[in-house]
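In what follows, a single structure is set out as structure tokens and then discussed.
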Amino acid sequence: MTRSDDRWLHYGAVATPIDRPERTFGYVDDAENPKFGTFPSGFLDRVDVPADEDRGRMPLGELDRDLYRRFGNGFEQVDVGALAADLVAESLFPPREARIVVLFGWFDMDRETTAEALETEPERVAALVEEVRDRRERADRTAAVRFTPE
């Protein structure tokens, strides 16, 4: 990673959906394209810069050189499309909803940024988030229904 004072690390959920519970999903807002990946969760405990924890982000340019280098060395890029495709293969989510789960749920992108990434409107993202929530609630309710006699 190159050092830049205007980039932020946006972080979301622990990466347990991809069997990496010691890592956290995050993306770096680069000028052109965000860089998506995971980083060691312990990094968040060592940061000594003011983080905007309510929004899950911190300014990378304010890290000391050693911590910045350690973050860059620990950051592993991931392909968001591949994550969504894996989620579709392992779940009942259709592709559009899987992308919402990955971007909005795992990476904790806001509606506007998610809409930009999906080339749609923020209102459409809000509707898709509700569809995902409804699907999960139905799945949770039906998971408790016995399928075969014990």
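The chains in the structure tokens are called A, B, ... from first to last as shown; in each chain the residues are counted from 1, and the ligands are counted from 1 in the order shown.
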Filtered DSSP result for segment 57-114 of chain A, state strand (DSSP E), as an NGL selection string: :A and (57-59 or 76-77)
Spatial neighbours of segment 19-33 of chain A, max dist 10 Å, only C-alpha atoms, sep filter under 6 positions, as a PyMOL selection string: chain A and resi 1+4+6-13+39-44+56-60+74-78+102-103+105-109+117
Next, dump the selected residues to file, keeping only C-alpha atoms, as a PDB file, in the first residue's frame.
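Written out: out-v4.pdb:
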ATOM      1  CA  MET A   1       0.000   0.000   0.000  1.00  0.00           C
ATOM      2  CA  SER A   4      -1.600   8.742   1.294  1.00  0.00           C
ATOM      3  CA  ASP A   6      -6.535  11.316   2.361  1.00  0.00           C
ATOM      4  CA  ARG A   7      -7.449   7.612   2.399  1.00  0.00           C
ATOM      5  CA  TRP A   8      -9.650   6.004   5.010  1.00  0.00           C
ATOM      6  CA  LEU A   9      -9.981   2.424   6.131  1.00  0.00           C
ATOM      7  CA  HIS A  10     -13.645   1.459   6.382  1.00  0.00           C
ATOM      8  CA  TYR A  11     -14.154  -1.685   8.396  1.00  0.00           C
ATOM      9  CA  GLY A  12     -17.114  -3.958   8.937  1.00  0.00           C
ATOM     10  CA  ALA A  13     -17.777  -7.415  10.305  1.00  0.00           C
ATOM     11  CA  PHE A  39      -6.951  -7.420   7.828  1.00  0.00           C
ATOM     12  CA  PRO A  40      -5.973  -8.779  11.249  1.00  0.00           C
ATOM     13  CA  SER A  41      -8.692  -7.818  13.735  1.00  0.00           C
ATOM     14  CA  GLY A  42      -6.053  -7.056  16.375  1.00  0.00           C
ATOM     15  CA  PHE A  43      -5.003  -4.054  14.289  1.00  0.00           C
ATOM     16  CA  LEU A  44      -8.046  -2.150  15.556  1.00  0.00           C
ATOM     17  CA  GLY A  56     -16.518   2.176  11.210  1.00  0.00           C
ATOM     18  CA  ARG A  57     -13.682   4.102   9.644  1.00  0.00           C
ATOM     19  CA  MET A  58     -10.280   5.587  10.425  1.00  0.00           C
ATOM     20  CA  PRO A  59      -7.848   7.851   8.580  1.00  0.00           C
ATOM     21  CA  LEU A  60      -4.871   5.840   7.361  1.00  0.00           C
ATOM     22  CA  GLY A  74      -1.494  -7.566   6.793  1.00  0.00           C
ATOM     23  CA  PHE A  75      -4.137  -6.376   4.343  1.00  0.00           C
ATOM     24  CA  GLU A  76      -5.223  -9.189   1.997  1.00  0.00           C
ATOM     25  CA  GLN A  77      -7.292  -8.114  -0.995  1.00  0.00           C
ATOM     26  CA  VAL A  78     -10.416 -10.094  -1.829  1.00  0.00           C
ATOM     27  CA  VAL A 102     -21.344  -8.742   1.069  1.00  0.00           C
ATOM     28  CA  LEU A 103     -21.128  -4.960   0.583  1.00  0.00           C
ATOM     29  CA  GLY A 105     -23.513  -6.454   5.607  1.00  0.00           C
ATOM     30  CA  TRP A 106     -19.937  -7.725   5.653  1.00  0.00           C
ATOM     31  CA  PHE A 107     -18.067  -4.586   4.565  1.00  0.00           C
ATOM     32  CA  ASP A 108     -20.556  -2.227   6.266  1.00  0.00           C
ATOM     33  CA  MET A 109     -20.830   0.130   3.279  1.00  0.00           C
ATOM     34  CA  ALA A 117     -20.712   0.173  -6.350  1.00  0.00           C
TER      35      ALA A 117
END
List every residue of segment 8-120 of chain A that has an atom at most 8 Å from any atom of segment 125-135 of chain A, giving for each one its closest atom pair and the distance in Å to one decimal, counting only C-alpha atoms, sorted by chain and then by ascending residue number, as a Markdown table.
| residue | atom | partner | partner_atom | distance |
| --- | --- | --- | --- | --- |
| A:Phe93 | CA | A:Val132 | CA | 8.0 |
| A:Glu97 | CA | A:Val132 | CA | 6.2 |
| A:Ile100 | CA | A:Val129 | CA | 6.7 |
| A:Val101 | CA | A:Val132 | CA | 7.5 |
| A:Arg111 | CA | A:Val125 | CA | 6.1 |
| A:Thr114 | CA | A:Val125 | CA | 7.1 |
| A:Ala115 | CA | A:Val125 | CA | 6.0 |
| A:Thr120 | CA | A:Val125 | CA | 7.5 |
Point-to-point distance from atom CA of Gly81 of chain A to atom CA of Thr113 of chain A, Å rounded to tenths: 16.1 Å
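Ranking A:Leu92, A:Ala139, A:Val47, A:Ala84 by their shortest atom-to-atom distance to Arg70 of chain A, with only C-alpha atoms included, puts A:Val47 first.
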Which of segment 68-148 of chain A fall in alpha helix (DSSP H), as a VMD selection string: chain A and resid 68 to 74 80 to 90 95 to 100 111 to 118 122 to 143
Just write the chosen residues, N, CA and C atoms, as a compact mmCIF listing (two decimals), in the first residue's frame.
# COMPACT_ATOMS: atom_id res chain seq x y z
N TYR A 68 1.31 1.80 10.01
CA TYR A 68 0.83 1.88 8.63
C TYR A 68 1.42 0.74 7.81
N ARG A 69 2.71 0.50 7.96
CA ARG A 69 3.38 -0.57 7.22
C ARG A 69 2.83 -1.93 7.64
N ARG A 70 2.62 -2.12 8.94
CA ARG A 70 2.07 -3.39 9.42
C ARG A 70 0.66 -3.62 8.88
N PHE A 71 -0.13 -2.54 8.82
CA PHE A 71 -1.47 -2.68 8.24
C PHE A 71 -1.37 -3.09 6.77
N GLY A 72 -0.54 -2.39 6.01
CA GLY A 72 -0.38 -2.70 4.59
C GLY A 72 0.09 -4.12 4.36
N ASN A 73 1.00 -4.60 5.20
CA ASN A 73 1.50 -5.97 5.06
C ASN A 73 0.43 -7.00 5.44
N GLY A 74 -0.47 -6.63 6.34
CA GLY A 74 -1.49 -7.57 6.79
C GLY A 74 -2.78 -7.53 5.99
N VAL A 80 -14.69 -9.09 -4.38
CA VAL A 80 -16.06 -9.00 -3.88
C VAL A 80 -17.00 -9.85 -4.73
N GLY A 81 -16.79 -9.87 -6.03
CA GLY A 81 -17.61 -10.69 -6.91
C GLY A 81 -17.50 -12.17 -6.56
N ALA A 82 -16.29 -12.62 -6.26
CA ALA A 82 -16.09 -14.02 -5.88
C ALA A 82 -16.76 -14.32 -4.54
N LEU A 83 -16.68 -13.37 -3.59
CA LEU A 83 -17.36 -13.56 -2.30
C LEU A 83 -18.87 -13.71 -2.52
N ALA A 84 -19.43 -12.84 -3.35
CA ALA A 84 -20.87 -12.91 -3.63
C ALA A 84 -21.22 -14.22 -4.34
N ALA A 85 -20.39 -14.64 -5.29
CA ALA A 85 -20.65 -15.90 -6.00
C ALA A 85 -20.61 -17.08 -5.04
N ASP A 86 -19.65 -17.09 -4.12
CA ASP A 86 -19.58 -18.16 -3.12
C ASP A 86 -20.82 -18.15 -2.24
N LEU A 87 -21.28 -16.96 -1.87
CA LEU A 87 -22.48 -16.85 -1.04
C LEU A 87 -23.70 -17.39 -1.78
N VAL A 88 -23.82 -17.08 -3.06
CA VAL A 88 -24.94 -17.60 -3.86
C VAL A 88 -24.88 -19.13 -3.89
N ALA A 89 -23.68 -19.69 -4.06
CA ALA A 89 -23.53 -21.14 -4.14
C ALA A 89 -23.85 -21.83 -2.82
N GLU A 90 -23.59 -21.14 -1.70
CA GLU A 90 -23.76 -21.75 -0.38
C GLU A 90 -25.06 -21.37 0.31
N PRO A 95 -28.14 -13.60 -6.79
CA PRO A 95 -26.93 -12.79 -6.95
C PRO A 95 -27.06 -11.34 -6.47
N ARG A 96 -28.14 -10.66 -6.81
CA ARG A 96 -28.27 -9.24 -6.42
C ARG A 96 -28.29 -9.10 -4.90
N GLU A 97 -29.02 -9.98 -4.22
CA GLU A 97 -29.09 -9.92 -2.76
C GLU A 97 -27.75 -10.33 -2.14
N ALA A 98 -27.05 -11.27 -2.76
CA ALA A 98 -25.75 -11.69 -2.24
C ALA A 98 -24.77 -10.52 -2.25
N ARG A 99 -24.79 -9.72 -3.30
CA ARG A 99 -23.90 -8.55 -3.35
C ARG A 99 -24.24 -7.56 -2.24
N ILE A 100 -25.54 -7.42 -1.93
CA ILE A 100 -25.95 -6.54 -0.83
C ILE A 100 -25.42 -7.09 0.50
N ARG A 111 -25.54 3.09 2.35
CA ARG A 111 -26.41 2.92 1.18
C ARG A 111 -25.89 3.62 -0.06
N GLU A 112 -25.39 4.84 0.12
CA GLU A 112 -24.93 5.61 -1.03
C GLU A 112 -23.73 4.95 -1.71
N THR A 113 -22.75 4.52 -0.89
CA THR A 113 -21.55 3.89 -1.45
C THR A 113 -21.90 2.54 -2.08
N THR A 114 -22.79 1.78 -1.43
CA THR A 114 -23.24 0.50 -1.99
C THR A 114 -23.95 0.73 -3.32
N ALA A 115 -24.80 1.75 -3.36
CA ALA A 115 -25.52 2.06 -4.60
C ALA A 115 -24.54 2.40 -5.72
N GLU A 116 -23.53 3.17 -5.39
CA GLU A 116 -22.53 3.53 -6.40
C GLU A 116 -21.79 2.29 -6.90
N ALA A 117 -21.43 1.39 -5.97
CA ALA A 117 -20.71 0.17 -6.35
C ALA A 117 -21.58 -0.74 -7.22
N LEU A 118 -22.88 -0.76 -6.95
CA LEU A 118 -23.79 -1.62 -7.70
C LEU A 118 -24.43 -0.90 -8.89
N PRO A 122 -29.69 4.67 -4.26
CA PRO A 122 -29.73 4.34 -2.83
C PRO A 122 -31.08 3.77 -2.38
N GLU A 123 -32.16 4.24 -2.99
CA GLU A 123 -33.49 3.73 -2.63
C GLU A 123 -33.61 2.24 -2.99
N ARG A 124 -33.01 1.86 -4.12
CA ARG A 124 -33.03 0.45 -4.54
C ARG A 124 -32.22 -0.39 -3.56
N VAL A 125 -31.11 0.15 -3.06
CA VAL A 125 -30.30 -0.56 -2.06
C VAL A 125 -31.13 -0.77 -0.80
N ALA A 126 -31.85 0.27 -0.37
CA ALA A 126 -32.70 0.14 0.83
C ALA A 126 -33.74 -0.96 0.63
N ALA A 127 -34.34 -1.02 -0.55
CA ALA A 127 -35.33 -2.07 -0.84
C ALA A 127 -34.68 -3.45 -0.84
N LEU A 128 -33.49 -3.57 -1.40
CA LEU A 128 -32.79 -4.85 -1.40
C LEU A 128 -32.39 -5.28 0.00
N VAL A 129 -31.99 -4.32 0.83
CA VAL A 129 -31.65 -4.64 2.23
C VAL A 129 -32.88 -5.21 2.93
N GLU A 130 -34.03 -4.62 2.70
CA GLU A 130 -35.27 -5.14 3.30
C GLU A 130 -35.59 -6.54 2.79
N GLU A 131 -35.37 -6.80 1.50
CA GLU A 131 -35.59 -8.13 0.95
C GLU A 131 -34.67 -9.15 1.62
N VAL A 132 -33.42 -8.76 1.82
CA VAL A 132 -32.46 -9.66 2.48
C VAL A 132 -32.90 -9.93 3.92
N ARG A 133 -33.29 -8.89 4.62
CA ARG A 133 -33.75 -9.07 6.01
C ARG A 133 -34.98 -9.98 6.06
N ASP A 134 -35.92 -9.76 5.15
CA ASP A 134 -37.11 -10.62 5.11
C ASP A 134 -36.73 -12.08 4.83
N ARG A 135 -35.82 -12.29 3.89
CA ARG A 135 -35.39 -13.65 3.54
C ARG A 135 -34.74 -14.31 4.76
N ARG A 136 -33.89 -13.58 5.47
CA ARG A 136 -33.23 -14.14 6.66
C ARG A 136 -34.23 -14.45 7.75
N GLU A 137 -35.20 -13.56 7.97
CA GLU A 137 -36.22 -13.82 9.00
C GLU A 137 -37.03 -15.07 8.65
N ARG A 138 -37.40 -15.21 7.38
CA ARG A 138 -38.14 -16.41 6.96
C ARG A 138 -37.29 -17.66 7.15
N ALA A 139 -36.02 -17.57 6.81
CA ALA A 139 -35.13 -18.72 6.97
C ALA A 139 -34.98 -19.09 8.45
N ASP A 140 -34.85 -18.08 9.31
CA ASP A 140 -34.74 -18.35 10.75
C ASP A 140 -36.01 -19.01 11.28
N ARG A 141 -37.17 -18.53 10.83
CA ARG A 141 -38.43 -19.11 11.29
C ARG A 141 -38.59 -20.54 10.80
N THR A 142 -38.24 -20.79 9.55
CA THR A 142 -38.44 -22.13 9.00
C THR A 142 -37.36 -23.10 9.47
N ALA A 143 -36.22 -22.60 9.92
CA ALA A 143 -35.16 -23.49 10.41
C ALA A 143 -35.62 -24.26 11.64
